[in-house]
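Worksheet: one structure, shown below.
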Amino acid sequence: MIVILAHAEWLYLPMAFVVVPGCMPVLPAVAALAWAKSDYFADVWLTHSTNHLVVSAHPTFAAQLAGR
């Protein structure tokens with residue numbers, strides 16, 4: 001935003017090199033932490049027929065869904 005207001009378009013690329021590499025070590029760590037803390041919610045399988053769908057859900061997830 002400051003770059004746009006200052007009419008300094010030549011700073012776009014250097015600023016990208018400052019911001020992006022700084023995010024690189026953080027984003028995979030956040031993703032790994034979120035995946036490690038996640039739990040099993042539901043799996044869905046399609047059958048050969050279009051009339052049925054097989055759903056396997058965590059009991060807490062199923063209870064929350066049934067309560068809606």
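Residue numbers start at 1 in each chain; chains themselves are named A, B, ... in the order of the structure tokens; ligands are numbered from 1 in the order shown.
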Determine which residues of chain A receive a DSSP assignment of helix (DSSP H, G or I), computed from the backbone, and state them as a PyMOL selection string.
chain A and resi 2-5+9-23+26-37+59-66
CA of Asp43 (chain A) to CA of Ala57 (chain A), straight-line distance in Å
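Interatomic distance here is 6.4 Å.
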CA of Val55 (chain A) and CA of Gly67 (chain A), how far apart in Å?
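One can read the CA of Gly67 (chain A) to CA of Val55 (chain A) distance as 17.0 Å.
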Within chain A, find each residue whose DSSP state, derived from the backbone, is strand (DSSP E or B), and express the selection as a ChimeraX atom specification.
/A:42-46,53-57
Please list as a PyMOL selection string every residue within 12 Å of region 24-41 of chain A, counting only C-alpha atoms and excluding residues in the same chain fewer than 2 positions away.
chain A and resi 17-22+43-44+55-65
To one decimal place in Å, what is the distance between CA of His48 (chain A) and CA of Arg68 (chain A)?
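The value is 29.3 Å.
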